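Q: Structure: run.tsv, TSV, C-alpha atoms and all ligand atoms.
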```tsv
chain	number	residue	atom	x	y	z
A	766	MET	CA	0.00	0.00	0.00
A	767	VAL	CA	1.52	3.31	-1.08
A	768	ASN	CA	-0.33	5.30	1.60
A	769	GLN	CA	1.44	4.25	4.81
A	770	LYS	CA	4.80	4.28	3.04
A	771	LEU	CA	4.02	7.80	1.80
A	772	ILE	CA	3.08	9.02	5.28
A	773	ASP	CA	6.31	7.58	6.70
A	774	PHE	CA	8.26	9.13	3.84
A	775	ILE	CA	6.73	12.59	4.43
A	776	ARG	CA	7.30	12.37	8.21
A	777	ASP	CA	10.88	11.35	7.55
A	778	THR	CA	11.36	14.19	5.01
A	779	TYR	CA	10.16	16.81	7.50
A	780	ALA	CA	11.68	14.99	10.50
A	781	SER	CA	8.41	15.61	12.34
A	782	SER	CA	5.79	13.59	14.18
A	783	ASP	CA	3.52	16.66	14.52
A	784	PHE	CA	0.87	17.97	12.15
A	785	ILE	CA	2.43	18.58	8.73
A	786	PRO	CA	0.77	21.47	6.84
A	787	LEU	CA	0.43	21.79	3.07
A	788	HIS	CA	2.55	24.93	2.82
A	789	ALA	CA	3.86	26.96	5.76
A	790	PRO	CA	5.77	30.25	5.49
A	791	SER	CA	9.17	30.67	7.13
A	792	PHE	CA	10.61	33.85	8.63
A	793	VAL	CA	14.26	33.26	9.38
A	794	GLY	CA	15.77	36.30	7.63
A	795	ASN	CA	15.31	40.06	8.08
A	796	GLU	CA	11.51	39.88	8.52
A	797	LYS	CA	11.40	41.00	12.16
A	798	GLY	CA	14.06	43.68	11.61
A	799	TYR	CA	12.29	45.27	8.65
A	800	LEU	CA	8.91	45.17	10.42
A	801	ALA	CA	10.46	46.93	13.42
A	802	GLN	CA	11.91	49.56	11.06
A	803	THR	CA	8.47	50.36	9.61
A	804	ILE	CA	7.01	50.77	13.10
A	805	ASP	CA	9.92	52.95	14.27
A	806	SER	CA	9.56	55.11	11.14
A	807	THR	CA	5.74	55.43	11.64
A	808	PHE	CA	5.36	54.75	7.89
A	809	VAL	CA	3.24	51.64	8.30
A	810	SER	CA	0.60	52.49	5.69
A	811	SER	CA	0.51	52.73	1.91
A	812	VAL	CA	3.38	55.19	1.58
A	813	GLY	CA	6.88	54.10	2.58
A	814	LYS	CA	10.25	52.98	1.33
A	815	PHE	CA	9.51	49.25	1.57
A	816	VAL	CA	6.59	49.45	-0.90
A	817	ASP	CA	8.84	51.03	-3.53
A	818	GLU	CA	11.69	48.65	-2.70
A	819	PHE	CA	9.45	45.58	-2.87
A	820	GLU	CA	8.09	46.66	-6.25
A	821	GLN	CA	11.64	47.21	-7.52
A	822	LYS	CA	12.81	43.83	-6.25
A	823	VAL	CA	9.92	41.95	-7.88
A	824	LYS	CA	10.24	43.96	-11.10
A	825	PHE	CA	13.96	43.16	-11.27
A	826	TYR	CA	13.53	39.48	-10.42
A	827	THR	CA	10.68	38.88	-12.89
A	828	GLY	CA	11.95	41.17	-15.63
A	829	ALA	CA	8.53	42.85	-15.81
A	830	GLY	CA	8.36	46.36	-17.23
A	831	TRP	CA	6.30	47.65	-14.31
A	832	ALA	CA	5.28	46.18	-10.95
A	833	VAL	CA	2.47	47.60	-8.79
A	834	ALA	CA	2.03	46.18	-5.28
A	835	THR	CA	-1.55	45.54	-4.14
A	836	VAL	CA	-3.39	44.35	-1.01
A	837	ASN	CA	-3.84	40.86	-2.46
A	838	GLY	CA	-3.80	38.87	-5.68
A	839	THR	CA	-7.55	39.14	-6.22
A	840	ALA	CA	-7.27	42.94	-6.15
A	841	ALA	CA	-4.42	42.81	-8.69
A	842	LEU	CA	-6.55	40.59	-10.97
A	843	HIS	CA	-9.45	43.04	-10.65
A	844	THR	CA	-7.10	45.90	-11.57
A	845	ALA	CA	-5.69	43.97	-14.57
A	846	LEU	CA	-9.20	43.31	-15.88
A	847	HIS	CA	-10.09	46.99	-15.45
A	848	LEU	CA	-6.97	48.15	-17.33
A	849	ALA	CA	-7.62	45.57	-20.06
A	850	GLY	CA	-10.92	47.34	-20.71
A	851	VAL	CA	-13.08	44.48	-19.43
A	852	ARG	CA	-16.47	45.88	-18.42
A	853	ALA	CA	-19.80	44.58	-17.08
A	854	GLY	CA	-21.38	42.05	-19.42
A	855	ASP	CA	-18.15	41.20	-21.27
A	856	LEU	CA	-16.88	37.62	-21.56
A	857	VAL	CA	-13.44	36.42	-20.44
A	858	ILE	CA	-12.09	32.96	-21.31
A	859	THR	CA	-10.52	31.11	-18.40
A	860	GLN	CA	-10.02	27.56	-17.20
A	861	ALA	CA	-12.62	25.54	-15.27
A	862	LEU	CA	-9.87	24.16	-13.08
A	863	THR	CA	-8.55	27.08	-11.05
A	864	PHE	CA	-8.73	28.60	-7.60
A	865	VAL	CA	-11.94	30.58	-7.09
A	866	ALA	CA	-10.04	33.92	-6.82
A	867	THR	CA	-9.57	33.98	-10.63
A	868	CYS	CA	-13.34	33.97	-11.09
A	869	ASN	CA	-14.10	36.21	-8.13
A	870	ALA	CA	-12.12	38.95	-9.86
A	871	LEU	CA	-14.25	38.44	-12.98
A	872	HIS	CA	-17.37	38.73	-10.84
A	873	HIS	CA	-16.14	41.96	-9.23
A	874	ILE	CA	-15.70	43.61	-12.63
A	875	GLY	CA	-19.10	42.28	-13.74
A	876	ALA	CA	-17.71	40.07	-16.50
A	877	ASN	CA	-18.85	36.52	-17.22
A	878	PRO	CA	-16.38	33.64	-17.43
A	879	VAL	CA	-16.24	31.15	-20.27
A	880	PHE	CA	-14.88	27.93	-18.76
A	881	LEU	CA	-12.67	25.90	-21.09
A	882	ASP	CA	-10.61	22.78	-20.53
A	883	ILE	CA	-7.02	22.41	-19.32
A	884	GLU	CA	-4.28	20.44	-21.06
A	885	PRO	CA	-3.13	17.40	-19.05
A	886	ILE	CA	0.60	18.32	-18.72
A	887	ALA	CA	0.75	21.63	-16.81
A	888	PHE	CA	-3.03	21.88	-16.14
A	889	GLY	CA	-3.13	25.29	-17.85
A	890	LEU	CA	-5.76	26.57	-20.26
A	891	CYS	CA	-5.68	24.29	-23.35
A	892	PRO	CA	-4.69	26.29	-26.48
A	893	ASP	CA	-6.25	23.78	-28.89
A	894	LYS	CA	-9.60	23.83	-27.15
A	895	THR	CA	-9.48	27.62	-26.82
A	896	ALA	CA	-8.83	27.99	-30.56
A	897	ALA	CA	-11.58	25.49	-31.37
A	898	TRP	CA	-14.10	27.22	-29.09
A	899	LEU	CA	-13.38	30.62	-30.60
A	900	LYS	CA	-13.65	29.23	-34.13
A	901	GLU	CA	-17.06	27.78	-33.39
A	902	TYR	CA	-18.61	30.41	-31.13
A	903	ALA	CA	-16.84	33.72	-31.82
A	904	VAL	CA	-16.56	36.19	-34.67
A	905	LEU	CA	-14.52	39.32	-35.35
A	906	ASP	CA	-16.93	42.22	-35.94
A	907	ASP	CA	-16.44	45.07	-38.45
A	908	ALA	CA	-14.36	47.01	-35.93
A	909	GLY	CA	-12.09	43.97	-35.46
A	910	SER	CA	-13.41	43.18	-31.97
A	911	CYS	CA	-14.09	39.65	-30.84
A	912	ARG	CA	-17.75	38.85	-30.16
A	913	HIS	CA	-19.73	35.87	-28.98
A	914	LYS	CA	-21.86	34.90	-31.99
A	915	ALA	CA	-25.00	33.88	-30.12
A	916	SER	CA	-25.27	36.77	-27.63
A	917	GLY	CA	-23.22	39.50	-29.30
A	918	ALA	CA	-21.32	40.00	-26.03
A	919	ALA	CA	-17.74	41.24	-26.36
A	920	ILE	CA	-15.05	38.67	-25.58
A	921	LYS	CA	-12.20	40.75	-24.13
A	922	ALA	CA	-9.51	38.60	-22.58
A	923	VAL	CA	-8.00	35.17	-22.06
A	924	MET	CA	-6.92	34.40	-18.51
A	925	PRO	CA	-4.86	31.21	-18.09
A	926	MET	CA	-3.59	30.14	-14.68
A	927	HIS	CA	-0.17	28.60	-13.96
A	928	THR	CA	-1.53	25.74	-11.89
A	929	PHE	CA	0.54	24.79	-8.80
A	930	GLY	CA	3.37	26.86	-10.33
A	931	HIS	CA	3.62	24.95	-13.65
A	932	PRO	CA	3.66	27.41	-16.58
A	933	ALA	CA	0.79	27.14	-19.07
A	934	GLN	CA	1.39	26.98	-22.86
A	935	LEU	CA	1.85	30.71	-23.36
A	936	ASP	CA	3.22	30.94	-26.93
A	937	GLU	CA	0.17	29.13	-28.28
A	938	LEU	CA	-2.21	31.21	-26.17
A	939	LEU	CA	-0.48	34.45	-27.22
A	940	ALA	CA	-0.90	33.50	-30.88
A	941	ILE	CA	-4.63	32.91	-30.31
A	942	CYS	CA	-4.93	36.27	-28.52
A	943	ARG	CA	-3.25	38.05	-31.46
A	944	GLN	CA	-5.52	36.33	-33.98
A	945	TRP	CA	-8.70	37.23	-32.07
A	946	SER	CA	-7.56	40.61	-30.65
A	947	LEU	CA	-7.85	39.46	-27.06
A	948	CYS	CA	-5.82	40.60	-24.07
A	949	LEU	CA	-3.75	37.90	-22.32
A	950	ILE	CA	-3.88	38.21	-18.53
A	951	GLU	CA	-1.75	35.62	-16.72
A	952	ASP	CA	-2.99	34.52	-13.32
A	953	ALA	CA	0.55	33.87	-12.04
A	954	ALA	CA	-0.57	33.97	-8.40
A	955	GLU	CA	0.98	30.55	-7.76
A	956	SER	CA	4.05	30.88	-9.96
A	957	LEU	CA	6.56	33.34	-8.51
A	958	GLY	CA	9.88	31.73	-9.46
A	959	SER	CA	8.47	29.83	-12.46
A	960	PHE	CA	9.85	30.53	-15.92
A	961	TYR	CA	8.35	29.85	-19.34
A	962	LYS	CA	11.14	29.33	-21.92
A	963	GLY	CA	13.40	31.48	-19.76
A	964	LEU	CA	10.89	34.28	-19.18
A	965	HIS	CA	9.20	34.76	-15.82
A	966	THR	CA	5.53	33.83	-15.74
A	967	GLY	CA	3.31	36.89	-15.68
A	968	THR	CA	5.56	38.84	-18.06
A	969	LEU	CA	4.46	37.37	-21.40
A	970	GLY	CA	0.88	38.59	-21.34
A	971	ARG	CA	0.01	42.28	-21.29
A	972	PHE	CA	-0.74	41.75	-17.59
A	973	GLY	CA	0.39	39.22	-15.00
A	974	VAL	CA	-0.64	38.87	-11.38
A	975	LEU	CA	1.27	37.48	-8.40
A	976	SER	CA	-0.05	36.64	-4.93
A	977	PHE	CA	1.81	36.83	-1.61
A	978	ASN	CA	-0.87	35.18	0.48
A	979	GLY	CA	0.40	33.17	3.48
A	980	ASN	CA	0.38	29.84	1.61
A	981	LYS	CA	2.25	31.00	-1.50
A	982	VAL	CA	5.99	30.60	-2.20
A	983	ILE	CA	6.76	33.79	-0.29
A	984	THR	CA	4.33	35.92	1.69
A	985	THR	CA	3.62	39.48	2.75
A	986	GLY	CA	0.81	38.35	5.06
A	987	GLY	CA	-1.66	39.37	2.39
A	988	GLY	CA	-0.51	40.92	-0.85
A	989	GLY	CA	-0.35	40.84	-4.59
A	990	MET	CA	1.49	42.39	-7.51
A	991	LEU	CA	0.31	43.58	-10.89
A	992	LEU	CA	2.98	43.08	-13.57
A	993	CYS	CA	2.69	45.18	-16.73
A	994	GLN	CA	4.80	45.35	-19.88
A	995	GLU	CA	3.72	48.78	-21.13
A	996	GLN	CA	4.59	52.01	-19.37
A	997	ALA	CA	1.07	53.40	-19.81
A	998	ASP	CA	-0.38	50.31	-18.09
A	999	GLY	CA	2.10	50.55	-15.21
A	1000	ALA	CA	1.29	54.22	-14.65
A	1001	LYS	CA	-2.48	53.62	-14.85
A	1002	GLY	CA	-2.10	50.61	-12.56
A	1003	LYS	CA	-0.48	52.74	-9.89
A	1004	HIS	CA	-3.07	55.51	-10.45
A	1005	VAL	CA	-6.19	53.35	-10.01
A	1006	THR	CA	-4.81	51.19	-7.20
A	1007	THR	CA	-4.43	54.38	-5.13
A	1008	THR	CA	-7.10	57.10	-5.15
A	1009	ALA	CA	-6.54	58.26	-8.76
A	1010	LYS	CA	-5.29	61.60	-7.47
A	1011	VAL	CA	-3.73	63.93	-9.99
A	1012	ALA	CA	-0.34	65.07	-8.68
A	1013	HIS	CA	-0.46	68.58	-7.18
A	1014	PRO	CA	1.36	70.16	-4.19
A	1015	TYR	CA	-1.89	70.66	-2.24
A	1016	GLU	CA	-5.08	70.38	-4.33
A	1017	PHE	CA	-7.25	67.25	-4.13
A	1018	TYR	CA	-8.36	66.34	-7.60
A	1019	HIS	CA	-9.18	62.76	-8.62
A	1020	ASP	CA	-9.90	62.03	-12.26
A	1021	GLU	CA	-11.61	58.60	-11.92
A	1022	PRO	CA	-12.80	56.22	-9.16
A	1023	GLY	CA	-9.77	54.74	-7.36
A	1024	PHE	CA	-9.72	51.21	-5.93
A	1025	ASN	CA	-7.48	51.92	-2.92
A	1026	TYR	CA	-5.75	48.57	-3.41
A	1027	ARG	CA	-2.21	49.70	-2.43
A	1028	MET	CA	-0.11	47.35	-0.33
A	1029	PRO	CA	0.77	48.81	3.09
A	1030	ASN	CA	4.44	49.43	3.92
A	1031	LEU	CA	4.13	46.97	6.84
A	1032	ASN	CA	3.35	44.13	4.43
A	1033	ALA	CA	5.97	45.25	1.92
A	1034	ALA	CA	8.62	45.13	4.68
A	1035	LEU	CA	7.86	41.43	5.12
A	1036	GLY	CA	7.99	41.03	1.34
A	1037	CYS	CA	11.44	42.63	1.05
A	1038	ALA	CA	12.85	40.24	3.63
A	1039	GLN	CA	11.17	37.26	1.94
A	1040	MET	CA	12.51	38.26	-1.51
A	1041	GLU	CA	16.05	38.11	-0.10
A	1042	ARG	CA	15.47	34.41	0.56
A	1043	LEU	CA	13.52	33.52	-2.56
A	1044	GLU	CA	16.38	31.67	-4.31
A	1045	VAL	CA	17.06	29.50	-1.26
A	1046	ILE	CA	13.36	28.72	-0.87
A	1047	LEU	CA	13.08	27.78	-4.56
A	1048	ALA	CA	16.19	25.57	-4.42
A	1049	ASN	CA	14.82	23.73	-1.39
A	1050	LYS	CA	11.41	23.30	-2.99
A	1051	ARG	CA	13.09	21.82	-6.06
A	1052	LYS	CA	15.01	19.34	-3.88
A	1053	LEU	CA	11.77	18.35	-2.18
A	1054	ALA	CA	10.09	17.77	-5.56
A	1055	GLU	CA	13.01	15.53	-6.59
A	1056	ARG	CA	12.54	13.50	-3.42
A	1057	TYR	CA	8.84	13.02	-4.14
A	1058	ALA	CA	9.58	12.10	-7.74
A	1059	GLY	CA	12.00	9.43	-6.51
A	1060	PHE	CA	9.45	8.10	-4.04
A	1061	PHE	CA	6.71	7.64	-6.63
A	1062	GLN	CA	8.96	6.23	-9.34
A	1063	GLY	CA	7.75	2.81	-10.44
A	1064	SER	CA	4.40	3.10	-8.62
A	1065	GLU	CA	1.02	3.56	-10.29
A	1066	TYR	CA	0.92	7.09	-8.83
A	1067	ARG	CA	2.42	9.65	-11.19
A	1068	PHE	CA	4.26	12.61	-9.68
A	1069	VAL	CA	3.72	15.83	-11.66
A	1070	ARG	CA	6.98	17.18	-13.12
A	1071	GLU	CA	7.58	20.57	-14.69
A	1072	PRO	CA	6.72	20.66	-18.41
A	1073	ASP	CA	9.79	20.34	-20.69
A	1074	TYR	CA	9.47	23.97	-21.89
A	1075	ALA	CA	9.54	25.42	-18.38
A	1076	ARG	CA	11.20	25.70	-15.01
A	1077	SER	CA	8.60	25.44	-12.25
A	1078	ASN	CA	8.70	26.70	-8.69
A	1079	TYR	CA	6.98	23.46	-7.55
A	1080	TRP	CA	4.68	25.54	-5.36
A	1081	LEU	CA	2.40	22.62	-4.55
A	1082	ASN	CA	3.71	19.14	-5.21
A	1083	THR	CA	1.07	17.03	-6.91
A	1084	VAL	CA	0.49	13.37	-7.54
A	1085	ILE	CA	-1.95	11.83	-10.03
A	1086	CYS	CA	-3.76	8.87	-8.46
A	1087	PRO	CA	-4.88	5.94	-10.64
A	1088	ASP	CA	-8.57	6.69	-10.02
A	1089	LEU	CA	-11.08	8.46	-7.76
A	1090	GLU	CA	-11.19	5.61	-5.23
A	1091	SER	CA	-7.42	5.54	-4.68
A	1092	ARG	CA	-7.48	9.36	-4.47
A	1093	ASN	CA	-10.08	9.23	-1.70
A	1094	VAL	CA	-8.17	6.57	0.23
A	1095	LEU	CA	-4.99	8.66	-0.03
A	1096	LEU	CA	-6.77	11.81	1.20
A	1097	GLU	CA	-8.44	9.93	4.07
A	1098	SER	CA	-5.36	8.10	5.33
A	1099	THR	CA	-2.98	11.06	5.19
A	1100	ASN	CA	-5.33	13.58	6.80
A	1101	ALA	CA	-6.34	11.04	9.49
A	1102	GLN	CA	-2.66	10.85	10.43
A	1103	ARG	CA	-2.28	14.65	10.44
A	1104	VAL	CA	-0.33	14.82	7.22
A	1105	MET	CA	-2.18	17.48	5.25
A	1106	THR	CA	-3.09	16.64	1.66
A	1107	ARG	CA	-5.77	18.21	-0.50
A	1108	PRO	CA	-7.73	17.39	-3.63
A	1109	VAL	CA	-7.66	19.95	-6.43
A	1110	TRP	CA	-10.38	22.62	-6.36
A	1111	GLN	CA	-13.88	21.66	-7.47
A	1112	LEU	CA	-14.38	22.86	-11.02
A	1113	MET	CA	-15.63	26.44	-11.18
A	1114	HIS	CA	-18.89	25.70	-13.03
A	1115	ARG	CA	-19.98	23.52	-10.10
A	1116	LEU	CA	-19.99	26.55	-7.76
A	1117	PRO	CA	-23.43	28.19	-7.42
A	1118	MET	CA	-22.31	31.67	-8.51
A	1119	PHE	CA	-20.71	30.40	-11.73
A	1120	SER	CA	-23.08	27.56	-12.63
A	1121	ASP	CA	-24.75	29.55	-15.45
A	1122	ALA	CA	-21.48	30.42	-17.18
A	1123	LEU	CA	-20.73	29.35	-20.74
A	1124	ARG	CA	-18.43	26.37	-20.95
A	1125	GLY	CA	-16.77	24.00	-23.37
A	1126	GLU	CA	-16.20	20.29	-22.89
A	1127	LEU	CA	-14.06	19.65	-19.83
A	1128	THR	CA	-12.65	16.13	-20.20
A	1129	HIS	CA	-9.20	16.85	-18.81
A	1130	SER	CA	-10.52	19.10	-16.03
A	1131	GLU	CA	-12.83	16.31	-14.85
A	1132	TRP	CA	-10.00	13.78	-15.13
A	1133	ALA	CA	-7.76	16.03	-12.99
A	1134	GLU	CA	-10.53	16.80	-10.51
A	1135	SER	CA	-10.97	13.12	-9.71
A	1136	ARG	CA	-7.27	12.18	-9.49
A	1137	LEU	CA	-4.99	15.03	-8.35
A	1138	VAL	CA	-3.76	15.29	-4.78
A	1139	ASN	CA	-1.52	18.05	-3.41
A	1140	LEU	CA	1.19	16.91	-1.00
A	1141	PRO	CA	2.97	18.82	1.80
A	1142	SER	CA	5.20	21.31	0.01
A	1143	SER	CA	6.82	23.63	2.56
A	1144	PRO	CA	10.52	23.90	1.77
A	1145	THR	CA	12.29	21.51	4.14
A	1146	GLU	CA	15.53	23.36	4.97
A	1147	VAL	CA	14.97	27.09	5.30
B	1201	LIG	C1	-3.73	32.62	-4.44
B	1201	LIG	C2	-4.40	32.80	-5.74
B	1201	LIG	C3	-4.94	34.02	-6.16
B	1201	LIG	C4	-4.93	35.29	-5.37
B	1201	LIG	O1	-5.18	35.11	-4.06
B	1201	LIG	P1	-5.16	36.27	-2.95
B	1201	LIG	O2	-5.46	35.49	-1.73
B	1201	LIG	O3	-6.22	37.25	-3.33
B	1201	LIG	O4	-3.80	36.89	-2.92
B	1201	LIG	C5	-5.49	34.10	-7.42
B	1201	LIG	N1	-5.51	33.06	-8.25
B	1201	LIG	C6	-4.99	31.86	-7.90
B	1201	LIG	C7	-5.01	30.76	-8.88
B	1201	LIG	C8	-4.43	31.68	-6.63
B	1201	LIG	O5	-3.94	30.48	-6.30
```
Translate the structure of the given file into structure tokens.
Ligand SMILES: *Cc1c(COP(=O)(O)O)cnc(C)c1O
A:
Amino acid sequence: MVNQKLIDFIRDTYASSDFIPLHAPSFVGNEKGYLAQTIDSTFVSSVGKFVDEFEQKVKFYTGAGWAVATVNGTAALHTALHLAGVRAGDLVITQALTFVATCNALHHIGANPVFLDIEPIAFGLCPDKTAAWLKEYAVLDDAGSCRHKASGAAIKAVMPMHTFGHPAQLDELLAICRQWSLCLIEDAAESLGSFYKGLHTGTLGRFGVLSFNGNKVITTGGGGMLLCQEQADGAKGKHVTTTAKVAHPYEFYHDEPGFNYRMPNLNAALGCAQMERLEVILANKRKLAERYAGFFQGSEYRFVREPDYARSNYWLNTVICPDLESRNVLLESTNAQRVMTRPVWQLMHRLPMFSDALRGELTHSEWAESRLVNLPSSPTEV
């Protein structure tokens, strides 16, 4: 039975007989020192040197043109959709297998998702099925805008997600976006440290979004980052995530509704300290993934490796069980022994608020939903 051996293996890996979480943050660097500095300086809120420094660090690391820090990843997704010109009633193509935050952002802007299938390698939005869906159900109107044939609704963007940190097939999706004049927004919330053909995820689309929630690769407590490639987008991103105030020595003039989504300096201080340790964290996560891969070798459980075109951060280690029954037994036995494992999210169209959304056929999403299990993934040596 793989289950007891797996539990022993995980306990041995973490050298722990206590509860083993799915992904725990670690604060062994300058976190406390930088937090104390923000308090001593009184600049704890949305203005302060750590916010600028954190943006610069993430911009430099990812190679993005512009980086705008936000209160969380959902807020950054909402901002990206707004800047992409997505408005109430528009359609946005995304994957049925994702974390609910992707679709919550669509809800907040008033857009409707179109749920398409994933490919079975990286679990990202499937380019072939996206192209096929557009060919059948969409048309370019006289102005060159993409419209849903049946309803006439504008289709504005394609929003793939880099599932568990594995980069989606971006070249193919970018080509589709060019052909249909759609904006590519990468939900890179899970993929800080993941590279697609040498480029950091979130920097190939016009917009990319990172999350620094407590369970992600590094954390700011709560936080997100909007990555933009064009200067105009970066400037607008900063403008709307604050109060949209027009610069003036003393007058208050705001030229559009602002979101007030800026990340506080307190959170950015944590982020700066975490960024200093990102490479070590990534190296240790990679070692852990190698260990899991070795463990599952030769069994009927397939450990998910990075796709051959990418370098993944291995945010959440994942195993594909032979079937639903073995998946359930694995989930039961590990959690009963306080080793935390999780199934993948229920598909978005099964949730009450998204049950009416348009969708394509979802063979691979359903296959993944019934077989994938996430394993404890905190970096072991930190
Ligand atoms: C974590 C996450 C987000 C953003 O989450 P926040 O908690 O708002 O920072 C968005 N999309 C996906 C796929 C995520 O995993």
Q: Would you compute an axis-aligned box for region 955-959 of chain A, covering every atom listed for it in the file with 5 Å of margin on each side, and report centre and edge lengths in Å to one decimal as AutoDock Vina command-line options?
A:
```
--center_x 5.4 --center_y 31.6 --center_z -10.1 --size_x 18.9 --size_y 13.5 --size_z 14.7
```
Q: To check your reading of the model: which residues sit at most 10 Å from ligand LIG 1201 (chain B) when counting all atoms listed in the file? Write the answer as a count of residues only.
A: 46
Q: Between A:Thr827, A:Thr807, A:Asn1100, A:Thr1128, single out the one closest to Gln994 (chain A), counting only C-alpha atoms.
A: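 So, comparing all the options, the nearest one is A:Thr827.
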Q: Pick the closest to Ala834 (chain A) from A:Phe1024, A:Phe808, A:Tyr1066, A:Phe819: which is it, counting only C-alpha atoms?
A: A:Phe819
Q: Measure the distance from CA of Gln860 (chain A) to CA of Val1005 (chain A) in Å and round it to one decimal.
A: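 It comes out at 27.0 Å.
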Q: Report the distance between CA of Ser811 (chain A) and CA of Ala1012 (chain A) in Å, rounded to one decimal place.
A: 16.3 Å
Q: Rank nothing, just name the residue among A:Thr844, A:Gln802, A:Asn1093, A:Asn768 nearest to Lys1001 (chain A), using all atoms listed in the file.
A: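 Among A:Thr844, A:Gln802, A:Asn1093, A:Asn768, it is A:Thr844 that comes nearest to Lys1001 (chain A).
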Q: Measure the distance from CA of Leu1137 (chain A) to CA of His965 (chain A) in Å and round it to one decimal.
A: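 We find that CA of Leu1137 (chain A) and CA of His965 (chain A) lie 25.4 Å from each other.
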Q: So which residues are close to (-9.1, 33.6, -32.0), meaning at most 9 Å away in the file's coordinates with all atoms listed in the file counted, and can you show them as number ranges by chain?
A: A: 895-900, 903-905, 911, 940-947
Q: Keeping C-alpha atoms for every residue in the selection just given, could you write it to a file as a compact mmCIF listing (two decimals), in the frame of the given file?
A:
```txt
# COMPACT_ATOMS: atom_id res chain seq x y z
CA THR A 895 -9.48 27.62 -26.82
CA ALA A 896 -8.83 27.99 -30.56
CA ALA A 897 -11.58 25.49 -31.37
CA TRP A 898 -14.10 27.22 -29.09
CA LEU A 899 -13.38 30.62 -30.60
CA LYS A 900 -13.65 29.23 -34.13
CA ALA A 903 -16.84 33.72 -31.82
CA VAL A 904 -16.56 36.19 -34.67
CA LEU A 905 -14.52 39.32 -35.35
CA CYS A 911 -14.09 39.65 -30.84
CA ALA A 940 -0.90 33.50 -30.88
CA ILE A 941 -4.63 32.91 -30.31
CA CYS A 942 -4.93 36.27 -28.52
CA ARG A 943 -3.25 38.05 -31.46
CA GLN A 944 -5.52 36.33 -33.98
CA TRP A 945 -8.70 37.23 -32.07
CA SER A 946 -7.56 40.61 -30.65
CA LEU A 947 -7.85 39.46 -27.06
```
Q: With distances taken over all atoms listed in the file, which residue among A:Gly798, A:Pro878, A:Pro786, A:Gly813 lies nearest Ser1120 (chain A)?
A: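 Of A:Gly798, A:Pro878, A:Pro786, A:Gly813, the one nearest Ser1120 (chain A), counting all atoms listed in the file, is A:Pro878.
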Q: Which residue is closest to Leu969 (chain A)? Choose from A:Ala1038, A:Leu1127, A:Ala829, A:Val1069 and count only C-alpha atoms.
A: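 Looking only at the distances to Leu969 (chain A), the closest residue turns out to be A:Ala829.
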Q: (13.4, 49.1, 6.1) in this file's frame - what residues fall within 9 Å of it? Use all atoms listed in the file and give the answer as a ChimeraX atom specification.
A: /A:798-803,806,813-815,818,1034,1037
Q: Can you write region 1077-1088 of chain A from the block above with N, CA and C atoms, as a PDB file, in the first residue's frame?
A:
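Produced file selection.pdb, reproduced below:
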```pdb
ATOM      1  N   SER A1077       9.696  25.172 -13.184  1.00  0.00           N
ATOM      2  CA  SER A1077       8.602  25.439 -12.248  1.00  0.00           C
ATOM      3  C   SER A1077       9.124  25.717 -10.854  1.00  0.00           C
ATOM      4  N   ASN A1078       8.332  26.447 -10.087  1.00  0.00           N
ATOM      5  CA  ASN A1078       8.703  26.698  -8.692  1.00  0.00           C
ATOM      6  C   ASN A1078       8.286  25.543  -7.784  1.00  0.00           C
ATOM      7  N   TYR A1079       7.527  24.572  -8.342  1.00  0.00           N
ATOM      8  CA  TYR A1079       6.983  23.464  -7.546  1.00  0.00           C
ATOM      9  C   TYR A1079       6.290  23.979  -6.289  1.00  0.00           C
ATOM     10  N   TRP A1080       5.392  24.973  -6.509  1.00  0.00           N
ATOM     11  CA  TRP A1080       4.684  25.543  -5.362  1.00  0.00           C
ATOM     12  C   TRP A1080       3.963  24.459  -4.573  1.00  0.00           C
ATOM     13  N   LEU A1081       3.038  23.761  -5.222  1.00  0.00           N
ATOM     14  CA  LEU A1081       2.395  22.625  -4.552  1.00  0.00           C
ATOM     15  C   LEU A1081       2.742  21.349  -5.307  1.00  0.00           C
ATOM     16  N   ASN A1082       3.411  20.433  -4.614  1.00  0.00           N
ATOM     17  CA  ASN A1082       3.709  19.141  -5.207  1.00  0.00           C
ATOM     18  C   ASN A1082       2.406  18.371  -5.395  1.00  0.00           C
ATOM     19  N   THR A1083       2.333  17.655  -6.515  1.00  0.00           N
ATOM     20  CA  THR A1083       1.073  17.035  -6.908  1.00  0.00           C
ATOM     21  C   THR A1083       1.315  15.625  -7.409  1.00  0.00           C
ATOM     22  N   VAL A1084       0.411  14.737  -7.030  1.00  0.00           N
ATOM     23  CA  VAL A1084       0.489  13.374  -7.545  1.00  0.00           C
ATOM     24  C   VAL A1084      -0.843  13.032  -8.219  1.00  0.00           C
ATOM     25  N   ILE A1085      -0.750  12.265  -9.311  1.00  0.00           N
ATOM     26  CA  ILE A1085      -1.952  11.828 -10.029  1.00  0.00           C
ATOM     27  C   ILE A1085      -2.245  10.398  -9.608  1.00  0.00           C
ATOM     28  N   CYS A1086      -3.376  10.207  -8.931  1.00  0.00           N
ATOM     29  CA  CYS A1086      -3.762   8.871  -8.463  1.00  0.00           C
ATOM     30  C   CYS A1086      -4.372   8.088  -9.627  1.00  0.00           C
ATOM     31  N   PRO A1087      -4.343   6.747  -9.530  1.00  0.00           N
ATOM     32  CA  PRO A1087      -4.883   5.940 -10.636  1.00  0.00           C
ATOM     33  C   PRO A1087      -6.374   6.190 -10.889  1.00  0.00           C
ATOM     34  N   ASP A1088      -7.125   6.461  -9.837  1.00  0.00           N
ATOM     35  CA  ASP A1088      -8.566   6.694 -10.020  1.00  0.00           C
ATOM     36  C   ASP A1088      -9.130   7.428  -8.796  1.00  0.00           C
TER      37      ASP A1088
END
```
